[in-house]
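Undergrad: This is the structure, below, for whatever I ask next.
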Amino acid sequence: MPKNKGKGGKNWKKGKKRDGEETRRDLLFKEDGQEYAQVTKMLGDGRVALMCYDGVQRQGLIRGTMRRRVWINTGDIVLLGLREFQEDKADVIHKYSTEEARNLQAYGELPATARINQTAIDMAMDGTEGQEEDMGFDFDEI
């Protein structure tokens, strides 16, 4: 058997061609039939739970060209395409980076109360900020 003298097989050759450079892209603003939202929960199978900035909770479906290419996490700001026939469902069209989301907030597209760099842990802790957790017993009694 011959020895492997190369750098790798076809998977190595198909690797990322970028050298860590992020290209600057134009900022997408919402149009008619679109809305900004924040991801609250990952549901699996390309679906996400969203809290839209118009005050409605919706279920979003990540579109096919974004699957396995654009990674969406909880707390991310996304652009939705609203459905006319289903009010509680929408399609995720675009994911904004944190810098783009800050620019949207500066332009007044997102409300000033929007938490841009919020993670899943921060979202879970929102209800218990500044409050003591009730454990069912008191340490002084023990």
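Labeling convention for the structure tokens: chains A, B, ... as they appear, residues from 1 per chain, ligands from 1 in order of appearance.
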Which residues are near Arg58 (chain A)? Cut-off 7 Å, only C-alpha atoms, ignore same chain within fewer than 5 positions. Put them as a ChimeraX atom specification.
TA: /A:49-51,88-90
Undergrad: Let me make sure I understand: among A:Gly46, A:Gly81, A:Pro111, A:Gly9, which one has the smallest atom-to-atom distance to Arg68 (chain A) if we use only C-alpha atoms?
TA: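 Answer, going by the shortest atom-to-atom distance: A:Gly46.
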